[in-house]
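Source file: final_18.cif. Holds: mmCIF, C-alpha atoms (C1' of nucleotides).
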```
data_input
loop_
_atom_site.group_PDB
_atom_site.id
_atom_site.type_symbol
_atom_site.label_atom_id
_atom_site.label_comp_id
_atom_site.auth_asym_id
_atom_site.auth_seq_id
_atom_site.Cartn_x
_atom_site.Cartn_y
_atom_site.Cartn_z
ATOM 1 C CA MET A 1 6.198 -9.699 -25.080
ATOM 2 C CA SER A 2 9.118 -7.351 -24.531
ATOM 3 C CA VAL A 3 9.201 -4.846 -21.737
ATOM 4 C CA SER A 4 9.127 -1.853 -24.040
ATOM 5 C CA ASN A 5 6.098 -3.285 -25.777
ATOM 6 C CA ARG A 6 4.457 -3.678 -22.419
ATOM 7 C CA VAL A 7 5.140 -0.050 -21.627
ATOM 8 C CA THR A 8 3.744 1.055 -24.943
ATOM 9 C CA GLU A 9 0.683 -1.028 -24.317
ATOM 10 C CA LEU A 10 0.242 0.508 -20.914
ATOM 11 C CA ARG A 11 0.541 3.916 -22.468
ATOM 12 C CA ARG A 12 -2.452 3.325 -24.649
ATOM 13 C CA ARG A 13 -4.319 2.318 -21.552
ATOM 14 C CA PHE A 14 -3.328 5.400 -19.657
ATOM 15 C CA ASP A 15 -4.206 7.656 -22.526
ATOM 16 C CA ALA A 16 -7.541 5.918 -22.732
ATOM 17 C CA GLU A 17 -7.979 6.591 -19.021
ATOM 18 C CA ILE A 18 -8.110 2.934 -18.171
ATOM 19 C CA PHE A 19 -7.096 3.723 -14.603
ATOM 20 C CA PRO A 20 -9.906 6.067 -13.570
ATOM 21 C CA ALA A 21 -10.548 6.838 -9.950
ATOM 22 C CA GLN A 22 -13.487 4.534 -9.274
ATOM 23 C CA CYS A 23 -12.223 1.702 -11.476
ATOM 24 C CA PRO A 24 -12.184 -1.935 -10.314
ATOM 25 C CA SER A 25 -8.495 -2.078 -11.172
ATOM 26 C CA ARG A 26 -7.802 0.497 -8.474
ATOM 27 C CA MET A 27 -9.528 -1.689 -5.916
ATOM 28 C CA VAL A 28 -7.720 -4.833 -6.918
ATOM 29 C CA LEU A 29 -4.466 -2.928 -7.047
ATOM 30 C CA ASP A 30 -5.004 -1.725 -3.494
ATOM 31 C CA HIS A 31 -5.538 -5.276 -2.287
ATOM 32 C CA VAL A 32 -2.556 -6.663 -4.122
ATOM 33 C CA THR A 33 -0.177 -3.890 -3.138
ATOM 34 C CA SER A 34 -1.437 -3.568 0.418
ATOM 35 C CA LYS A 35 1.130 -3.611 3.178
ATOM 36 C CA TRP A 36 0.428 -7.205 4.189
ATOM 37 C CA GLY A 37 -1.111 -8.540 0.990
ATOM 38 C CA VAL A 38 2.225 -8.469 -0.769
ATOM 39 C CA LEU A 39 3.947 -10.409 1.977
ATOM 40 C CA VAL A 40 1.227 -13.018 2.259
ATOM 41 C CA LEU A 41 1.128 -13.616 -1.480
ATOM 42 C CA ALA A 42 4.898 -13.929 -1.553
ATOM 43 C CA ALA A 43 4.871 -16.349 1.354
ATOM 44 C CA LEU A 44 2.317 -18.528 -0.408
ATOM 45 C CA ALA A 45 4.143 -18.316 -3.727
ATOM 46 C CA GLU A 46 6.529 -21.003 -2.670
ATOM 47 C CA GLU A 47 4.195 -23.493 -1.011
ATOM 48 C CA PRO A 48 0.950 -23.765 0.923
ATOM 49 C CA ARG A 49 1.223 -22.456 4.448
ATOM 50 C CA ARG A 50 -0.704 -22.720 7.665
ATOM 51 C CA TRP A 51 -1.955 -19.825 9.737
ATOM 52 C CA GLY A 52 0.891 -19.987 12.223
ATOM 53 C CA GLU A 53 3.526 -20.160 9.489
ATOM 54 C CA LEU A 54 2.132 -17.074 7.834
ATOM 55 C CA ARG A 55 2.220 -15.222 11.125
ATOM 56 C CA ARG A 56 5.874 -16.008 11.533
ATOM 57 C CA ILE A 57 6.861 -15.267 7.944
ATOM 58 C CA ALA A 58 5.039 -11.965 7.660
ATOM 59 C CA GLU A 59 6.815 -10.777 10.741
ATOM 60 C CA GLY A 60 4.981 -8.064 12.602
ATOM 61 C CA ILE A 61 1.501 -8.848 11.311
ATOM 62 C CA SER A 62 -1.232 -9.020 13.937
ATOM 63 C CA GLU A 63 -3.736 -11.853 13.952
ATOM 64 C CA LYS A 64 -6.481 -9.460 13.052
ATOM 65 C CA MET A 65 -4.631 -8.151 10.027
ATOM 66 C CA LEU A 66 -3.677 -11.627 8.890
ATOM 67 C CA ALA A 67 -7.304 -12.736 9.059
ATOM 68 C CA GLN A 68 -8.462 -9.639 7.225
ATOM 69 C CA THR A 69 -5.783 -9.922 4.544
ATOM 70 C CA LEU A 70 -6.465 -13.585 3.921
ATOM 71 C CA LYS A 71 -10.190 -12.931 3.700
ATOM 72 C CA THR A 72 -9.687 -10.190 1.145
ATOM 73 C CA LEU A 73 -7.358 -12.279 -0.982
ATOM 74 C CA GLU A 74 -9.750 -15.205 -0.772
ATOM 75 C CA ARG A 75 -12.629 -13.030 -1.872
ATOM 76 C CA ASP A 76 -10.495 -11.896 -4.799
ATOM 77 C CA GLY A 77 -10.011 -15.518 -5.795
ATOM 78 C CA LEU A 78 -6.262 -15.351 -5.307
ATOM 79 C CA VAL A 79 -5.976 -17.518 -2.222
ATOM 80 C CA HIS A 80 -7.593 -20.844 -1.451
ATOM 81 C CA ARG A 81 -8.529 -21.775 2.099
ATOM 82 C CA GLU A 82 -8.807 -25.391 3.101
ATOM 83 C CA ALA A 83 -9.889 -26.256 6.617
ATOM 84 C CA HIS A 84 -9.325 -29.797 7.874
ATOM 85 C CA PRO A 85 -11.819 -30.939 10.497
ATOM 86 C CA VAL A 86 -9.213 -32.228 12.911
ATOM 87 C CA ILE A 87 -8.208 -31.443 16.433
ATOM 88 C CA PRO A 88 -6.274 -29.282 16.887
ATOM 89 C CA PRO A 89 -7.567 -27.353 13.882
ATOM 90 C CA ARG A 90 -5.508 -27.285 10.741
ATOM 91 C CA VAL A 91 -6.078 -24.838 7.919
ATOM 92 C CA ASP A 92 -3.963 -24.703 4.792
ATOM 93 C CA TYR A 93 -3.726 -21.619 2.630
ATOM 94 C CA SER A 94 -2.529 -21.838 -0.934
ATOM 95 C CA LEU A 95 -2.588 -19.812 -4.124
ATOM 96 C CA THR A 96 -5.256 -20.388 -6.719
ATOM 97 C CA SER A 97 -4.101 -20.564 -10.313
ATOM 98 C CA ARG A 98 -5.024 -16.921 -10.627
ATOM 99 C CA GLY A 99 -2.986 -16.190 -7.540
ATOM 100 C CA GLU A 100 -0.029 -18.007 -9.010
ATOM 101 C CA GLU A 101 -0.163 -15.922 -12.152
ATOM 102 C CA LEU A 102 -0.010 -12.849 -10.001
ATOM 103 C CA ALA A 103 2.708 -14.194 -7.748
ATOM 104 C CA ALA A 104 4.857 -14.938 -10.777
ATOM 105 C CA LEU A 105 4.881 -11.199 -11.451
ATOM 106 C CA LEU A 106 5.123 -10.165 -7.840
ATOM 107 C CA VAL A 107 8.073 -12.292 -6.804
ATOM 108 C CA PRO A 108 10.617 -10.693 -9.162
ATOM 109 C CA LEU A 109 9.498 -7.318 -7.887
ATOM 110 C CA LEU A 110 10.058 -8.358 -4.291
ATOM 111 C CA ALA A 111 13.411 -9.847 -5.159
ATOM 112 C CA TRP A 112 14.439 -6.564 -6.750
ATOM 113 C CA VAL A 113 13.359 -4.588 -3.713
ATOM 114 C CA ILE A 114 15.258 -6.898 -1.401
ATOM 115 C CA ASP A 115 18.349 -6.621 -3.553
ATOM 116 C CA HIS A 116 18.281 -2.839 -3.723
ATOM 117 C CA ALA A 117 16.855 -1.856 -0.357
ATOM 118 C CA ASP A 118 20.187 -1.204 1.337
ATOM 119 C CA GLU A 119 21.491 0.728 -1.625
ATOM 120 C CA ILE A 120 18.337 2.849 -1.655
ATOM 121 C CA VAL A 121 18.378 3.554 2.051
ATOM 122 C CA THR A 122 22.020 4.564 1.756
ATOM 123 C CA THR A 123 21.029 7.016 -0.971
ATOM 124 C CA GLU A 124 18.645 8.722 1.444
ATOM 125 C CA GLN A 125 21.365 9.720 3.834
ATOM 126 C CA GLY A 126 23.998 10.753 1.321
ATOM 127 C CA MET B 1 16.446 -16.546 -14.466
ATOM 128 C CA SER B 2 13.237 -18.581 -14.526
ATOM 129 C CA VAL B 3 10.274 -17.778 -12.360
ATOM 130 C CA SER B 4 10.511 -21.000 -10.412
ATOM 131 C CA ASN B 5 14.140 -20.278 -9.680
ATOM 132 C CA ARG B 6 13.131 -16.869 -8.471
ATOM 133 C CA VAL B 7 10.633 -18.415 -6.127
ATOM 134 C CA THR B 8 13.183 -20.842 -4.802
ATOM 135 C CA GLU B 9 15.571 -17.982 -4.305
ATOM 136 C CA LEU B 10 12.954 -16.022 -2.447
ATOM 137 C CA ARG B 11 12.307 -19.023 -0.279
ATOM 138 C CA ARG B 12 15.864 -19.053 0.957
ATOM 139 C CA ARG B 13 15.473 -15.402 1.777
ATOM 140 C CA PHE B 14 12.270 -15.922 3.676
ATOM 141 C CA ASP B 15 13.696 -18.811 5.594
ATOM 142 C CA ALA B 16 16.646 -16.643 6.448
ATOM 143 C CA GLU B 17 14.182 -14.015 7.657
ATOM 144 C CA ILE B 18 15.320 -11.502 5.083
ATOM 145 C CA PHE B 19 12.023 -9.646 5.439
ATOM 146 C CA PRO B 20 12.135 -8.829 9.151
ATOM 147 C CA ALA B 21 9.869 -6.208 10.619
ATOM 148 C CA GLN B 22 12.255 -3.262 10.843
ATOM 149 C CA CYS B 23 14.113 -4.083 7.614
ATOM 150 C CA PRO B 24 14.935 -1.448 4.978
ATOM 151 C CA SER B 25 13.232 -3.639 2.389
ATOM 152 C CA ARG B 26 9.942 -3.164 4.199
ATOM 153 C CA MET B 27 10.349 0.582 3.982
ATOM 154 C CA VAL B 28 11.208 0.584 0.314
ATOM 155 C CA LEU B 29 8.406 -1.861 -0.367
ATOM 156 C CA ASP B 30 5.939 0.459 1.334
ATOM 157 C CA HIS B 31 7.051 3.357 -0.850
ATOM 158 C CA VAL B 32 6.950 1.363 -4.047
ATOM 159 C CA THR B 33 3.613 -0.299 -3.382
ATOM 160 C CA SER B 34 1.969 2.762 -1.876
ATOM 161 C CA LYS B 35 -1.416 3.768 -3.207
ATOM 162 C CA TRP B 36 -0.067 6.561 -5.377
ATOM 163 C CA GLY B 37 3.548 5.480 -5.769
ATOM 164 C CA VAL B 38 2.571 2.668 -8.110
ATOM 165 C CA LEU B 39 0.563 4.956 -10.346
ATOM 166 C CA VAL B 40 3.222 7.654 -10.494
ATOM 167 C CA LEU B 41 5.958 5.168 -11.340
ATOM 168 C CA ALA B 42 3.783 3.650 -14.031
ATOM 169 C CA ALA B 43 2.965 7.054 -15.468
ATOM 170 C CA LEU B 44 6.654 7.911 -15.670
ATOM 171 C CA ALA B 45 7.563 4.515 -17.104
ATOM 172 C CA GLU B 46 6.544 5.645 -20.529
ATOM 173 C CA GLU B 47 8.014 9.125 -20.691
ATOM 174 C CA PRO B 48 8.934 12.136 -18.546
ATOM 175 C CA ARG B 49 5.940 14.035 -17.302
ATOM 176 C CA ARG B 50 5.166 17.414 -15.837
ATOM 177 C CA TRP B 51 3.383 18.033 -12.570
ATOM 178 C CA GLY B 52 0.087 18.796 -14.218
ATOM 179 C CA GLU B 53 0.245 15.725 -16.424
ATOM 180 C CA LEU B 54 0.840 13.500 -13.432
ATOM 181 C CA ARG B 55 -2.142 15.013 -11.685
ATOM 182 C CA ARG B 56 -4.349 14.169 -14.599
ATOM 183 C CA ILE B 57 -2.985 10.676 -15.154
ATOM 184 C CA ALA B 58 -3.103 9.565 -11.544
ATOM 185 C CA GLU B 59 -6.724 10.560 -11.464
ATOM 186 C CA GLY B 60 -7.959 11.411 -8.000
ATOM 187 C CA ILE B 61 -4.605 12.280 -6.455
ATOM 188 C CA SER B 62 -4.488 15.472 -4.424
ATOM 189 C CA GLU B 63 -1.704 17.991 -4.866
ATOM 190 C CA LYS B 64 -0.486 17.220 -1.395
ATOM 191 C CA MET B 65 -0.206 13.511 -2.070
ATOM 192 C CA LEU B 66 1.437 14.036 -5.441
ATOM 193 C CA ALA B 67 4.079 16.264 -3.865
ATOM 194 C CA GLN B 68 4.634 13.817 -1.038
ATOM 195 C CA THR B 69 4.814 10.814 -3.344
ATOM 196 C CA LEU B 70 7.231 12.487 -5.726
ATOM 197 C CA LYS B 71 9.422 13.604 -2.847
ATOM 198 C CA THR B 72 9.594 10.093 -1.436
ATOM 199 C CA LEU B 73 10.389 8.525 -4.792
ATOM 200 C CA GLU B 74 13.009 11.166 -5.414
ATOM 201 C CA ARG B 75 14.605 10.495 -2.048
ATOM 202 C CA ASP B 76 14.665 6.818 -2.956
ATOM 203 C CA GLY B 77 16.571 7.654 -6.105
ATOM 204 C CA LEU B 78 13.813 6.330 -8.345
ATOM 205 C CA VAL B 79 12.598 9.614 -9.778
ATOM 206 C CA HIS B 80 14.567 12.549 -11.124
ATOM 207 C CA ARG B 81 13.245 16.087 -10.757
ATOM 208 C CA GLU B 82 14.328 18.808 -13.128
ATOM 209 C CA ALA B 83 13.084 22.330 -12.549
ATOM 210 C CA HIS B 84 13.423 24.847 -15.373
ATOM 211 C CA PRO B 85 13.776 28.441 -14.202
ATOM 212 C CA VAL B 86 11.079 29.839 -16.441
ATOM 213 C CA ILE B 87 7.808 31.624 -15.927
ATOM 214 C CA PRO B 88 5.387 30.054 -15.538
ATOM 215 C CA PRO B 89 7.397 27.352 -13.772
ATOM 216 C CA ARG B 90 8.121 24.114 -15.585
ATOM 217 C CA VAL B 91 9.244 20.973 -13.806
ATOM 218 C CA ASP B 92 9.914 17.660 -15.508
ATOM 219 C CA TYR B 93 9.827 14.379 -13.682
ATOM 220 C CA SER B 94 11.478 11.264 -15.080
ATOM 221 C CA LEU B 95 12.682 7.872 -13.922
ATOM 222 C CA THR B 96 16.291 7.352 -12.944
ATOM 223 C CA SER B 97 17.950 4.214 -14.278
ATOM 224 C CA ARG B 98 17.153 2.576 -10.974
ATOM 225 C CA GLY B 99 13.570 3.667 -11.371
ATOM 226 C CA GLU B 100 13.434 2.179 -14.811
ATOM 227 C CA GLU B 101 14.655 -1.172 -13.539
ATOM 228 C CA LEU B 102 11.838 -1.132 -11.060
ATOM 229 C CA ALA B 103 9.250 0.046 -13.550
ATOM 230 C CA ALA B 104 10.180 -2.798 -15.874
ATOM 231 C CA LEU B 105 8.984 -5.161 -13.147
ATOM 232 C CA LEU B 106 6.030 -3.049 -12.095
ATOM 233 C CA VAL B 107 4.441 -2.500 -15.478
ATOM 234 C CA PRO B 108 3.674 -6.178 -16.202
ATOM 235 C CA LEU B 109 2.080 -6.396 -12.771
ATOM 236 C CA LEU B 110 -0.138 -3.411 -13.481
ATOM 237 C CA ALA B 111 -1.042 -4.797 -16.873
ATOM 238 C CA TRP B 112 -2.081 -8.064 -15.248
ATOM 239 C CA VAL B 113 -4.222 -6.279 -12.685
ATOM 240 C CA ILE B 114 -5.907 -4.223 -15.390
ATOM 241 C CA ASP B 115 -6.583 -7.331 -17.425
ATOM 242 C CA HIS B 116 -8.063 -9.293 -14.540
ATOM 243 C CA ALA B 117 -9.762 -6.608 -12.462
ATOM 244 C CA ASP B 118 -13.229 -7.112 -13.901
ATOM 245 C CA GLU B 119 -12.975 -10.858 -13.661
ATOM 246 C CA ILE B 120 -11.888 -10.575 -10.023
ATOM 247 C CA VAL B 121 -14.612 -8.142 -9.059
ATOM 248 C CA THR B 122 -17.142 -10.442 -10.690
ATOM 249 C CA THR B 123 -15.830 -13.281 -8.539
ATOM 250 C CA GLU B 124 -16.637 -11.284 -5.413
ATOM 251 C CA GLN B 125 -20.311 -11.126 -6.165
ATOM 252 C CA GLY B 126 -20.822 -14.648 -7.475
ATOM 253 C "C1'" DC C 1 -3.649 46.362 -11.124
ATOM 254 C "C1'" DC C 2 -6.000 42.255 -11.655
ATOM 255 C "C1'" DG C 3 -6.731 37.735 -13.266
ATOM 256 C "C1'" DG C 4 -4.448 33.691 -15.169
ATOM 257 C "C1'" DT C 5 -0.842 30.056 -15.163
ATOM 258 C "C1'" DT C 6 2.195 26.572 -12.884
ATOM 259 C "C1'" DA C 7 4.054 24.347 -9.114
ATOM 260 C "C1'" DC C 8 3.921 23.821 -5.007
ATOM 261 C "C1'" DT C 9 3.289 24.444 0.820
ATOM 262 C "C1'" DT C 10 0.784 24.597 4.958
ATOM 263 C "C1'" DA C 11 -2.798 23.894 8.316
ATOM 264 C "C1'" DC C 12 -6.542 21.386 9.698
ATOM 265 C "C1'" DC C 13 -9.337 17.349 10.180
ATOM 266 C "C1'" DG C 14 -11.661 12.943 9.701
ATOM 267 C "C1'" DA C 15 -11.721 8.218 8.438
ATOM 268 C "C1'" DC C 16 -9.862 4.087 8.039
ATOM 269 C "C1'" DA C 17 -5.989 1.037 8.730
ATOM 270 C "C1'" DT C 18 -3.711 -1.105 12.173
ATOM 271 C "C1'" DG C 19 -2.418 -2.473 16.926
ATOM 272 C "C1'" DC C 20 -3.454 -4.368 21.477
ATOM 273 C "C1'" DT C 21 -5.950 -7.033 24.596
ATOM 274 C "C1'" DA C 22 -9.307 -10.477 25.412
ATOM 275 C "C1'" DG C 23 -12.248 -14.033 24.547
ATOM 276 C "C1'" DT C 24 -14.036 -18.523 22.078
ATOM 277 C "C1'" DA C 25 -13.965 -23.403 20.880
ATOM 278 C "C1'" DC C 26 -12.219 -27.872 20.923
ATOM 279 C "C1'" DC C 27 -9.384 -31.529 22.202
ATOM 280 C "C1'" DT C 28 -4.875 -33.479 24.264
ATOM 281 C "C1'" DT C 29 -1.707 -34.337 27.680
ATOM 282 C "C1'" DA C 30 -0.175 -34.182 32.360
ATOM 283 C "C1'" DT D 1 -8.376 -29.716 36.870
ATOM 284 C "C1'" DA D 2 -5.392 -27.161 34.603
ATOM 285 C "C1'" DA D 3 -2.325 -25.861 31.068
ATOM 286 C "C1'" DG D 4 -1.410 -25.718 26.176
ATOM 287 C "C1'" DG D 5 -1.879 -25.797 21.190
ATOM 288 C "C1'" DT D 6 -4.434 -23.943 16.956
ATOM 289 C "C1'" DA D 7 -7.248 -20.854 14.561
ATOM 290 C "C1'" DC D 8 -9.721 -17.583 14.889
ATOM 291 C "C1'" DT D 9 -13.285 -13.207 16.399
ATOM 292 C "C1'" DA D 10 -14.536 -8.922 18.859
ATOM 293 C "C1'" DG D 11 -13.938 -4.454 21.001
ATOM 294 C "C1'" DC D 12 -11.612 -0.486 21.898
ATOM 295 C "C1'" DA D 13 -7.674 2.696 21.296
ATOM 296 C "C1'" DT D 14 -4.648 5.139 18.294
ATOM 297 C "C1'" DG D 15 -2.026 7.001 14.639
ATOM 298 C "C1'" DT D 16 -1.071 7.662 10.196
ATOM 299 C "C1'" DC D 17 -2.728 8.415 5.616
ATOM 300 C "C1'" DG D 18 -5.034 11.033 2.766
ATOM 301 C "C1'" DG D 19 -8.480 14.789 1.589
ATOM 302 C "C1'" DT D 20 -9.909 19.791 1.554
ATOM 303 C "C1'" DA D 21 -9.033 24.313 1.259
ATOM 304 C "C1'" DA D 22 -6.423 28.017 1.360
ATOM 305 C "C1'" DG D 23 -2.019 30.474 0.790
ATOM 306 C "C1'" DT D 24 2.629 31.531 -1.697
ATOM 307 C "C1'" DA D 25 5.737 32.930 -5.463
ATOM 308 C "C1'" DA D 26 6.815 34.687 -9.894
ATOM 309 C "C1'" DC D 27 5.780 36.669 -14.070
ATOM 310 C "C1'" DC D 28 2.797 37.965 -18.196
ATOM 311 C "C1'" DG D 29 -1.001 39.850 -20.723
ATOM 312 C "C1'" DG D 30 -4.669 42.818 -20.941
#
```

Could you take the file, read its structure, and then write that structure out as structure tokens?
Amino acid sequence: MSVSNRVTELRRRFDAEIFPAQCPSRMVLDHVTSKWGVLVLAALAEEPRRWGELRRIAEGISEKMLAQTLKTLERDGLVHREAHPVIPPRVDYSLTSRGEELAALLVPLLAWVIDHADEIVTTEQG
Amino acid sequence: MSVSNRVTELRRRFDAEIFPAQCPSRMVLDHVTSKWGVLVLAALAEEPRRWGELRRIAEGISEKMLAQTLKTLERDGLVHREAHPVIPPRVDYSLTSRGEELAALLVPLLAWVIDHADEIVTTEQG
DNA sequence: CCGGTTACTTACCGACATGCTAGTACCTTA
DNA sequence: TAAGGTACTAGCATGTCGGTAAGTAACCGG
């Protein structure tokens, strides 16, 4: 489906008030676009990661926030948690198939932001 | 470029720590994925809108937040503001070409969220 | 001269998101 | 016995985000 078709489709949805205030889509959207949710999903888009890896990749995240974010994404069925009963503990996080669908849309967005961030910040000052 | 290539590309960026804590990309990402920023960008993706229209479409947004969101997006060079010197005042908001690039990536994401929101919320309870 | 319209701005305030610091549990290695 | 690695959880402090409500400006129509 072409982009313009997508936009047209979205228009029908907006006109039909498909994005009302208390709608489930708002909730899911908040999870997906949350400050850390985006980074975690992107980090998992490439391959399964362990707790410590995620901490390092999503630089600046606290342990509390990482735990909370992962829990939310798991509840949403986007992330799969697999704990291995070994010592020291080992837990692998990966995307579910639903999560991969989402990541496929998210990654190009992130790439665009990365590519244009400097340009945009420069705009601010000019 | 294929999705898997995109992911691979992103991987190089992550490994190279292209998403560090104080990075401009984090800032831009926060604007773009902010609670109301997403909705405003999506609303403008289809056609230019007036202040009042945006208020109605992004249901639940306060005037303060709408003003703040629009100002941020304008500063980022994603939204263009055009005030007509008439009474009563008329102001049109539209996407810049940069904004349209972004919206082209954002709209499919929103569409996906809308399509899967119910399914995801159902997952929570099961 | 008073209400209505449109697009804001400002001040105030509370709640929630987030950060920081500790603490837990278990085993390994020294 | 003590330190260290891994994956958390809990409690308290804080700060920013976002909401509410009111005010501003400019003109028109009645």

_Can you spell out as JSON, numbers by chain the set of residues that the PyMOL selection byres ((chain A) within 6 of (chain B)) selects in the structure I just provided?_
{"A": [7, 20, 21, 24, 25, 33, 46, 59, 60, 75, 76, 105, 109, 114, 117, 120, 124]}

Least-squares superpose chain A onto chain B - every C-alpha atom, paired in order - and show me the moved coordinates as a CSV table (one decimal) with C-alpha atoms, in the frame of the given file.
```
chain,number,residue,atom,x,y,z
A,1,MET,CA,16.4,-16.7,-14.6
A,2,SER,CA,13.2,-18.7,-14.6
A,3,VAL,CA,10.2,-17.9,-12.4
A,4,SER,CA,10.4,-21.1,-10.4
A,5,ASN,CA,14.1,-20.4,-9.8
A,6,ARG,CA,13.1,-16.9,-8.6
A,7,VAL,CA,10.6,-18.4,-6.2
A,8,THR,CA,13.1,-20.9,-4.9
A,9,GLU,CA,15.6,-18.0,-4.4
A,10,LEU,CA,13.0,-16.0,-2.5
A,11,ARG,CA,12.3,-19.0,-0.3
A,12,ARG,CA,15.9,-19.1,0.9
A,13,ARG,CA,15.5,-15.5,1.7
A,14,PHE,CA,12.3,-16.0,3.6
A,15,ASP,CA,13.7,-18.9,5.5
A,16,ALA,CA,16.7,-16.7,6.4
A,17,GLU,CA,14.3,-14.1,7.6
A,18,ILE,CA,15.4,-11.6,5.1
A,19,PHE,CA,12.1,-9.7,5.4
A,20,PRO,CA,12.2,-8.9,9.2
A,21,ALA,CA,9.9,-6.3,10.6
A,22,GLN,CA,12.3,-3.4,10.9
A,23,CYS,CA,14.1,-4.2,7.6
A,24,PRO,CA,14.9,-1.5,5.0
A,25,SER,CA,13.3,-3.7,2.4
A,26,ARG,CA,10.0,-3.2,4.2
A,27,MET,CA,10.3,0.5,4.0
A,28,VAL,CA,11.2,0.6,0.4
A,29,LEU,CA,8.4,-1.9,-0.3
A,30,ASP,CA,5.9,0.4,1.4
A,31,HIS,CA,7.0,3.3,-0.8
A,32,VAL,CA,7.0,1.4,-4.0
A,33,THR,CA,3.6,-0.3,-3.3
A,34,SER,CA,2.0,2.7,-1.8
A,35,LYS,CA,-1.4,3.7,-3.2
A,36,TRP,CA,-0.1,6.6,-5.3
A,37,GLY,CA,3.6,5.5,-5.7
A,38,VAL,CA,2.6,2.7,-8.0
A,39,LEU,CA,0.6,5.0,-10.3
A,40,VAL,CA,3.2,7.7,-10.4
A,41,LEU,CA,6.0,5.2,-11.3
A,42,ALA,CA,3.8,3.7,-14.0
A,43,ALA,CA,3.0,7.1,-15.4
A,44,LEU,CA,6.6,7.9,-15.6
A,45,ALA,CA,7.6,4.5,-17.0
A,46,GLU,CA,6.5,5.6,-20.5
A,47,GLU,CA,8.0,9.1,-20.6
A,48,PRO,CA,8.9,12.1,-18.5
A,49,ARG,CA,5.9,14.0,-17.3
A,50,ARG,CA,5.1,17.4,-15.8
A,51,TRP,CA,3.3,18.1,-12.6
A,52,GLY,CA,0.0,18.8,-14.2
A,53,GLU,CA,0.2,15.7,-16.4
A,54,LEU,CA,0.8,13.5,-13.4
A,55,ARG,CA,-2.2,15.0,-11.6
A,56,ARG,CA,-4.4,14.1,-14.5
A,57,ILE,CA,-3.0,10.6,-15.1
A,58,ALA,CA,-3.1,9.6,-11.4
A,59,GLU,CA,-6.8,10.5,-11.3
A,60,GLY,CA,-8.0,11.4,-7.9
A,61,ILE,CA,-4.6,12.3,-6.4
A,62,SER,CA,-4.5,15.5,-4.4
A,63,GLU,CA,-1.8,18.0,-4.9
A,64,LYS,CA,-0.5,17.4,-1.4
A,65,MET,CA,-0.3,13.6,-2.0
A,66,LEU,CA,1.4,14.1,-5.4
A,67,ALA,CA,4.0,16.3,-3.9
A,68,GLN,CA,4.6,13.9,-1.0
A,69,THR,CA,4.8,10.9,-3.3
A,70,LEU,CA,7.2,12.5,-5.7
A,71,LYS,CA,9.4,13.7,-2.8
A,72,THR,CA,9.5,10.2,-1.4
A,73,LEU,CA,10.4,8.6,-4.7
A,74,GLU,CA,13.0,11.2,-5.3
A,75,ARG,CA,14.6,10.6,-2.0
A,76,ASP,CA,14.6,6.9,-2.9
A,77,GLY,CA,16.6,7.7,-6.0
A,78,LEU,CA,13.8,6.4,-8.3
A,79,VAL,CA,12.6,9.7,-9.7
A,80,HIS,CA,14.5,12.6,-11.1
A,81,ARG,CA,13.2,16.1,-10.7
A,82,GLU,CA,14.3,18.8,-13.1
A,83,ALA,CA,13.1,22.3,-12.6
A,84,HIS,CA,13.5,24.8,-15.5
A,85,PRO,CA,13.8,28.4,-14.4
A,86,VAL,CA,11.2,29.8,-16.8
A,87,ILE,CA,7.9,31.6,-16.4
A,88,PRO,CA,5.5,30.0,-16.0
A,89,PRO,CA,7.4,27.3,-14.1
A,90,ARG,CA,8.1,24.1,-15.7
A,91,VAL,CA,9.3,21.0,-13.9
A,92,ASP,CA,9.9,17.6,-15.5
A,93,TYR,CA,9.8,14.4,-13.6
A,94,SER,CA,11.5,11.3,-15.0
A,95,LEU,CA,12.7,7.9,-13.9
A,96,THR,CA,16.3,7.4,-12.9
A,97,SER,CA,18.0,4.3,-14.2
A,98,ARG,CA,17.2,2.6,-10.9
A,99,GLY,CA,13.6,3.7,-11.3
A,100,GLU,CA,13.5,2.2,-14.8
A,101,GLU,CA,14.7,-1.1,-13.5
A,102,LEU,CA,11.9,-1.1,-11.0
A,103,ALA,CA,9.3,0.1,-13.5
A,104,ALA,CA,10.2,-2.7,-15.8
A,105,LEU,CA,9.0,-5.1,-13.1
A,106,LEU,CA,6.1,-3.0,-12.1
A,107,VAL,CA,4.5,-2.5,-15.4
A,108,PRO,CA,3.7,-6.1,-16.2
A,109,LEU,CA,2.1,-6.4,-12.8
A,110,LEU,CA,-0.1,-3.4,-13.5
A,111,ALA,CA,-1.0,-4.8,-16.9
A,112,TRP,CA,-2.0,-8.0,-15.3
A,113,VAL,CA,-4.2,-6.3,-12.7
A,114,ILE,CA,-5.9,-4.2,-15.4
A,115,ASP,CA,-6.5,-7.3,-17.4
A,116,HIS,CA,-8.0,-9.3,-14.6
A,117,ALA,CA,-9.7,-6.6,-12.5
A,118,ASP,CA,-13.2,-7.1,-14.0
A,119,GLU,CA,-12.9,-10.9,-13.7
A,120,ILE,CA,-11.9,-10.6,-10.1
A,121,VAL,CA,-14.6,-8.1,-9.1
A,122,THR,CA,-17.1,-10.4,-10.8
A,123,THR,CA,-15.8,-13.3,-8.6
A,124,GLU,CA,-16.6,-11.3,-5.5
A,125,GLN,CA,-20.3,-11.2,-6.2
A,126,GLY,CA,-20.8,-14.7,-7.5
```

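Proximity to D:DT20 at 12 Å, evaluated using all atoms listed in the file and with sequence-adjacent residues fewer than 2 positions away removed, yields Ser62, Glu63 and Lys64 of chain B; DA11, DC12, DC13 and DG14 of chain C; DG18 and DA22 of chain D.
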
*When the PyMOL selection byres ((chain C) within 10 of (chain A)) is applied to the file above, which residues end up in the set, as a PyMOL selection string?*
chain C and resi 17-20+26-28

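Minimum atom-to-atom distance to chain D, evaluated using only C-alpha atoms (C1' of nucleotides), belongs to A:Arg90 out of A:Arg90, A:His84, A:Leu41, A:Glu53.
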